[in-house]
Amino acid sequence: MKWTGLNDLREMYLSFFESKGHLRLPSFSLVPKNDASLLLINSGMAPMKKYFTGEVTPPRKRVTTCQKCIRTPDIESVGKTARHGTYFEMLGNFSFGDYFKHEATAWAWEFCTKVLELPVDRIWVSIYENDDQAFDIWTKEVGVSPDRIVRLGKADNFWEHGSGPCGPCSELYYDRGEEYGCGSPDCGVGCECDRFMEFWNNVFTQFNNDGNGNYTPLDHPNIDTGMGLERLACIMQGVNNLFEVDTVQNIMKHISRIAGVTYGESDSTDVSLRVITDHIRSTTFMVGDSVMPSNEGRGYVLRRLLRRAARHGRLRGIHRPFLFEVCETVIQENLSAYPELKEKQDFITKVIRNEEEAFEKTIDSGLSMLETMLEDTTGGVLSGDDAFKLYDTYGFPIDLTKDILEEKGMTVDEERFTERMAEQRARARAARKDAGADAWKGDAAITEQLTAGTFVGYDTLSVEATVTAIVCGNELMETLNAGDNATIVLDATPFYGESGGQVGDIGVIEADGARFMVSDTQKNTAGVILHTGTLVEGTLNVGNVVTATVDPEKRHAVMRNHSVAHLLQAALRRVLGTHVEQAGQLVNFDRMRFDFTHFSALSAEELAEVEALVNRWILEGLNIQVSEMPIDEARKMGAMALFGEKYGDVVRVVKMGDVSVELCGGTHADNTAKLGLFRIVSETSVAAGVRRIEAVTGAAVLELLNSYYRNMVETADAMKAAGPDDIGRRAAQLMTELKEAQRELQTMRQQQAAQKMGDLFENAQEVNGVQLITAVLPETSGDELRSLCDRCKDRGLDKAVVVLAGTSAEKQNVTFACYCTPNAVANGANAGQIVRRVAEICGGKGGGKPDMAMAGGKDLSKVDEAIRMVPEFLTK
């Protein structure tokens, strides 16, 4: 056994299992695909669940991966101990109905003892207490001594989650030596101390649990194994925990240099270094997988991690954004396995820096507010309402608040905080479903009976086909009658099933005397194309030969919009930078909607440049070539892939001149000239760091321009201009007239204010030697009140207090203004306190300086009462 770096261990494992006939797959994205049960991928098998259930056919029966994982249930423990971390990598070898226990155990032992050369006398094996088969294989076939095998109960060595596939486990442990033990005579495998480290779990998925404790053997048992890469590195490098592993240490050293501290010099410093090191690993990979900071879902997990790390940086004296600098080291240390991080480095650092800077603007105010809250807190428990205010106003995740409180020996009312969060998040979560095809995913009984036909829609819009299935009311039918709504499956179809952001085709399916109008086309997870619509005449039977015809006008409109989406992405990357990536799209008959990663709204100049580029490429008449090729060849061409998507060995590449090369399964025009024209309709924000452009092409551009012209004609008519070309001159003339009218109105208001001043002083009263002037002035704005107060200053009053209330019937509110002369202030008068007291009577608030303050109120019925109370407030 010799010291081995983490990156080398990863490669050794994957290469070993490739030699055993496994297909090496790259790590899946941390963002689950079509799995609403997880926010983030948290195990090696999680992204392959549908391979195990049979819903999706795996690319090969033997697969090996090193999967990026994030787990955050114990986020508040990360840093406080060296055991906890949120980010880790899981090595795994998987069999989908191929090999089973004999091979899995033999290969695990071979890798450990022959490849890694771990000392045999340090390895222990655990098995499920009733798994005699595993015991015999380990002892009689692999050759492990029986006294090195420990039988453990169901809680430790049987994997199951409710009903469904399950089975016993067999784990490998490494004995780190007595110095890591607890000293108990019973210390052994399964002990809670640090001596025996479990590093490899082999799950033998061989049963099906019906949910009632009844287990039946699976026809095709599976193998699911998991070995933590960082944990294995601890063994091979002889270090105590993951933070001492080579690649992780290099990240921590970068942080230490920035902070000017050394790991091991104090417990508090070590906690902060572990927090920052772990969290920057997690966040770098999350942003690399297109997770953006937000207040919901996985975006909130990202924000929590970044802000917790940023605060620990401040605890170590770093009062500036710095996490983005550490990204470079994280990327460099993981480059061999994740080269895509380098391609996304600019994007990752910008996202993290932006989040740091945003938090920097609020953290001091938030900490100050928390201190104020704590002054009013009794019993050592911060209220959930206060914790929610910190979250909602200052962006303090609950974990951050708990961290700070724990340092002070306090806690928070999490139950109430959760209630407030639930109230705020009452709106429905965005459904992660595949539109109309979703019903088919839950109806396995029907789906299993449907046979996927051949899609021929790339080459033709009409084809003769045979009806293979009719589904009506979630039941398979043999016959469809006029007026019935149903879904039809054909053995061949030109209809494109909705996918990749492209809507499904519409059209007609016809047979002798029968006419089925297709209103939507979907594709289920098994690849079956589902034609949904209504039989408007005749009768249709399973087995009938039909003619399926796509609406050509609608299809060509979709093709234009899809092709222009590729040009748009190329233009955005050229104008804004290569950090731009597709974050979603919708191409339909009317327009194109394209979501992309970017940090700010596009300027008018940037939008114009993007639009001009796309139109230039359209007018150049670039050939659009579509071809199929091995994915490695496509990558060499520089083909862009939709991030997070998994592609087969052979992919479809869409190339538009030398401008754009993308992997795409959609339908496209054959030349950019056929797109006609391109016009951006809007550019908006859809989420933090994600922008959206909506645009039109072809005939839709002419319709848009016509609507613009109609609006100009109507505007010219309303402005009494000579015509659309005269709008500019007429608008300038009207603006001049409007400004003159506003000047006249301002003069009239000043004259009225002077009149009001005279009336005010006639009603003055004296309170303890101070002249008090109060008034309620209907339909008077805050600016007018302020102007009146300024006039009071100009009158050279000695000891005077002026309190005015301006009401608005339209807005149903009141504005208060208070002015105190310098001598009145010297005698104790305070405009800020007075105006706050009167505003509270009207259900409002406000304040200001001792000499001048303003406030607002909502209850007009109590304005007179508030003004009547002013002498009492002034006396006090």
# chains A, B, ... in the order shown; residues from 1 in each chain; ligands from 1

$ residues_around --residues "region 571-587 of chain A" --least-positions-apart "4" --cutoff "7 Å" --atoms "only C-alpha atoms" --output "number ranges by chain"
A: 344, 346-347, 501-503, 558, 561-562, 567, 591-598, 610, 613-614, 642

$ residues_around --residues "Ala824 (chain A)" --least-positions-apart "3" --cutoff "9 Å" --atoms "only C-alpha atoms" --output "MDAnalysis selection string"
chainID A and resid 770:771 798:801 820:821 827:830 851

$ select_by_dssp --residues "region 590-761 of chain A" --states "helix (DSSP H, G or I)" --output "ChimeraX atom specification"
/A:604-619,631-636,672-675,699-718,724-761

$ residues_around --residues "region 653-667 of chain A" --least-positions-apart "5" --cutoff "6 Å" --atoms "only C-alpha atoms" --output "short mmCIF file (atom, residue, chain, number, x, y, z; two decimals) with N, CA and C atoms, in the first residue's frame"
data_model
loop_
_atom_site.label_atom_id
_atom_site.label_comp_id
_atom_site.auth_asym_id
_atom_site.auth_seq_id
_atom_site.Cartn_x
_atom_site.Cartn_y
_atom_site.Cartn_z
N MET A 559 -40.13 25.11 -37.12
CA MET A 559 -38.76 24.90 -37.60
C MET A 559 -38.00 26.22 -37.66
N LEU A 622 -27.03 30.77 -44.77
CA LEU A 622 -26.14 29.68 -44.33
C LEU A 622 -26.86 28.34 -44.46
N ASN A 623 -26.15 27.35 -45.00
CA ASN A 623 -26.72 26.01 -45.06
C ASN A 623 -26.83 25.42 -43.66
N ILE A 624 -27.94 24.75 -43.40
CA ILE A 624 -28.15 24.07 -42.12
C ILE A 624 -28.02 22.57 -42.38
N GLN A 625 -26.95 22.00 -41.86
CA GLN A 625 -26.66 20.59 -42.10
C GLN A 625 -26.97 19.79 -40.84
N VAL A 626 -27.69 18.70 -41.04
CA VAL A 626 -28.03 17.81 -39.93
C VAL A 626 -27.40 16.46 -40.20
N SER A 627 -26.67 15.94 -39.21
CA SER A 627 -26.02 14.64 -39.40
C SER A 627 -25.95 13.90 -38.08
N ALA A 639 -19.35 20.81 -30.84
CA ALA A 639 -20.81 20.87 -30.71
C ALA A 639 -21.22 21.19 -29.28
N MET A 640 -22.13 22.15 -29.13
CA MET A 640 -22.64 22.51 -27.81
C MET A 640 -23.74 21.53 -27.42
N ALA A 641 -23.71 21.13 -26.16
CA ALA A 641 -24.73 20.23 -25.63
C ALA A 641 -25.53 20.96 -24.59
#

$ decode --residues "region 825-871 of chain A" --atoms "N, CA and C atoms" --output "short mmCIF file (atom, residue, chain, number, x, y, z; two decimals), in the first residue's frame"
data_model
loop_
_atom_site.label_atom_id
_atom_site.label_comp_id
_atom_site.auth_asym_id
_atom_site.auth_seq_id
_atom_site.Cartn_x
_atom_site.Cartn_y
_atom_site.Cartn_z
N VAL A 825 -36.50 73.55 19.40
CA VAL A 825 -35.71 72.32 19.57
C VAL A 825 -34.87 72.43 20.84
N ALA A 826 -34.28 73.62 21.07
CA ALA A 826 -33.46 73.82 22.26
C ALA A 826 -34.27 73.66 23.54
N ASN A 827 -35.57 73.95 23.45
CA ASN A 827 -36.46 73.80 24.61
C ASN A 827 -37.04 72.38 24.73
N GLY A 828 -36.59 71.43 23.85
CA GLY A 828 -37.03 70.04 23.98
C GLY A 828 -37.97 69.54 22.91
N ALA A 829 -38.41 70.41 22.01
CA ALA A 829 -39.30 69.96 20.93
C ALA A 829 -38.52 69.06 19.97
N ASN A 830 -39.18 68.01 19.46
CA ASN A 830 -38.51 67.06 18.56
C ASN A 830 -39.48 66.66 17.45
N ALA A 831 -39.22 67.15 16.25
CA ALA A 831 -40.12 66.91 15.13
C ALA A 831 -40.27 65.42 14.84
N GLY A 832 -39.15 64.67 14.93
CA GLY A 832 -39.21 63.23 14.64
C GLY A 832 -40.14 62.50 15.57
N GLN A 833 -40.09 62.83 16.88
CA GLN A 833 -40.95 62.15 17.85
C GLN A 833 -42.41 62.57 17.68
N ILE A 834 -42.63 63.86 17.44
CA ILE A 834 -44.01 64.35 17.29
C ILE A 834 -44.68 63.69 16.10
N VAL A 835 -44.00 63.71 14.96
CA VAL A 835 -44.62 63.19 13.75
C VAL A 835 -44.85 61.68 13.84
N ARG A 836 -43.95 60.99 14.56
CA ARG A 836 -44.16 59.54 14.73
C ARG A 836 -45.40 59.26 15.58
N ARG A 837 -45.61 60.06 16.62
CA ARG A 837 -46.78 59.85 17.49
C ARG A 837 -48.09 60.10 16.75
N VAL A 838 -48.16 61.16 15.96
CA VAL A 838 -49.41 61.46 15.25
C VAL A 838 -49.67 60.41 14.16
N ALA A 839 -48.59 59.95 13.52
CA ALA A 839 -48.76 58.94 12.46
C ALA A 839 -49.26 57.62 13.02
N GLU A 840 -48.81 57.25 14.21
CA GLU A 840 -49.25 55.99 14.83
C GLU A 840 -50.75 55.97 15.04
N ILE A 841 -51.35 57.12 15.36
CA ILE A 841 -52.80 57.19 15.55
C ILE A 841 -53.52 56.83 14.27
N CYS A 842 -52.92 57.15 13.13
CA CYS A 842 -53.53 56.85 11.83
C CYS A 842 -53.01 55.56 11.22
N GLY A 843 -52.40 54.71 12.04
CA GLY A 843 -51.91 53.43 11.56
C GLY A 843 -50.70 53.52 10.67
N GLY A 844 -49.87 54.53 10.89
CA GLY A 844 -48.69 54.70 10.05
C GLY A 844 -47.43 54.80 10.86
N LYS A 845 -46.36 55.23 10.20
CA LYS A 845 -45.08 55.38 10.87
C LYS A 845 -44.23 56.36 10.08
N GLY A 846 -43.13 56.79 10.72
CA GLY A 846 -42.22 57.72 10.08
C GLY A 846 -41.31 58.33 11.11
N GLY A 847 -40.64 59.40 10.74
CA GLY A 847 -39.71 60.06 11.65
C GLY A 847 -38.74 60.92 10.90
N GLY A 848 -37.75 61.43 11.61
CA GLY A 848 -36.77 62.28 10.98
C GLY A 848 -35.93 63.01 12.00
N LYS A 849 -35.42 64.16 11.62
CA LYS A 849 -34.56 64.94 12.49
C LYS A 849 -35.38 65.75 13.49
N PRO A 850 -34.74 66.28 14.54
CA PRO A 850 -35.48 67.08 15.54
C PRO A 850 -36.13 68.32 14.95
N ASP A 851 -35.54 68.88 13.88
CA ASP A 851 -36.11 70.12 13.34
C ASP A 851 -37.08 69.89 12.19
N MET A 852 -36.97 68.76 11.49
CA MET A 852 -37.84 68.52 10.35
C MET A 852 -38.07 67.02 10.17
N ALA A 853 -39.35 66.61 10.06
CA ALA A 853 -39.64 65.18 9.91
C ALA A 853 -40.95 65.00 9.18
N MET A 854 -41.11 63.82 8.55
CA MET A 854 -42.34 63.49 7.84
C MET A 854 -42.74 62.06 8.13
N ALA A 855 -44.03 61.78 7.99
CA ALA A 855 -44.55 60.44 8.24
C ALA A 855 -45.80 60.23 7.41
N GLY A 856 -46.24 58.97 7.36
CA GLY A 856 -47.44 58.64 6.60
C GLY A 856 -48.42 57.85 7.44
N GLY A 857 -49.69 57.89 7.07
CA GLY A 857 -50.73 57.14 7.76
C GLY A 857 -51.75 56.60 6.78
N LYS A 858 -52.52 55.59 7.22
CA LYS A 858 -53.47 54.93 6.32
C LYS A 858 -54.94 55.22 6.65
N ASP A 859 -55.22 55.57 7.92
CA ASP A 859 -56.60 55.72 8.37
C ASP A 859 -57.00 57.20 8.34
N LEU A 860 -57.73 57.61 7.28
CA LEU A 860 -58.13 59.00 7.15
C LEU A 860 -59.14 59.42 8.21
N SER A 861 -59.86 58.45 8.76
CA SER A 861 -60.91 58.79 9.74
C SER A 861 -60.33 59.32 11.04
N LYS A 862 -59.03 59.12 11.27
CA LYS A 862 -58.44 59.53 12.54
C LYS A 862 -57.47 60.71 12.40
N VAL A 863 -57.52 61.38 11.24
CA VAL A 863 -56.60 62.50 11.02
C VAL A 863 -56.89 63.65 11.98
N ASP A 864 -58.17 64.01 12.12
CA ASP A 864 -58.52 65.12 13.02
C ASP A 864 -58.13 64.80 14.45
N GLU A 865 -58.35 63.55 14.87
CA GLU A 865 -57.98 63.14 16.22
C GLU A 865 -56.47 63.27 16.42
N ALA A 866 -55.71 62.87 15.42
CA ALA A 866 -54.25 62.95 15.52
C ALA A 866 -53.78 64.39 15.69
N ILE A 867 -54.37 65.32 14.90
CA ILE A 867 -53.98 66.73 15.00
C ILE A 867 -54.38 67.31 16.35
N ARG A 868 -55.55 66.88 16.87
CA ARG A 868 -55.99 67.37 18.18
C ARG A 868 -55.04 66.94 19.30
N MET A 869 -54.33 65.83 19.12
CA MET A 869 -53.44 65.32 20.15
C MET A 869 -52.07 66.03 20.17
N VAL A 870 -51.79 66.86 19.16
CA VAL A 870 -50.47 67.47 19.06
C VAL A 870 -50.13 68.32 20.29
N PRO A 871 -51.06 69.17 20.79
CA PRO A 871 -50.69 69.96 21.99
C PRO A 871 -50.27 69.07 23.16
#
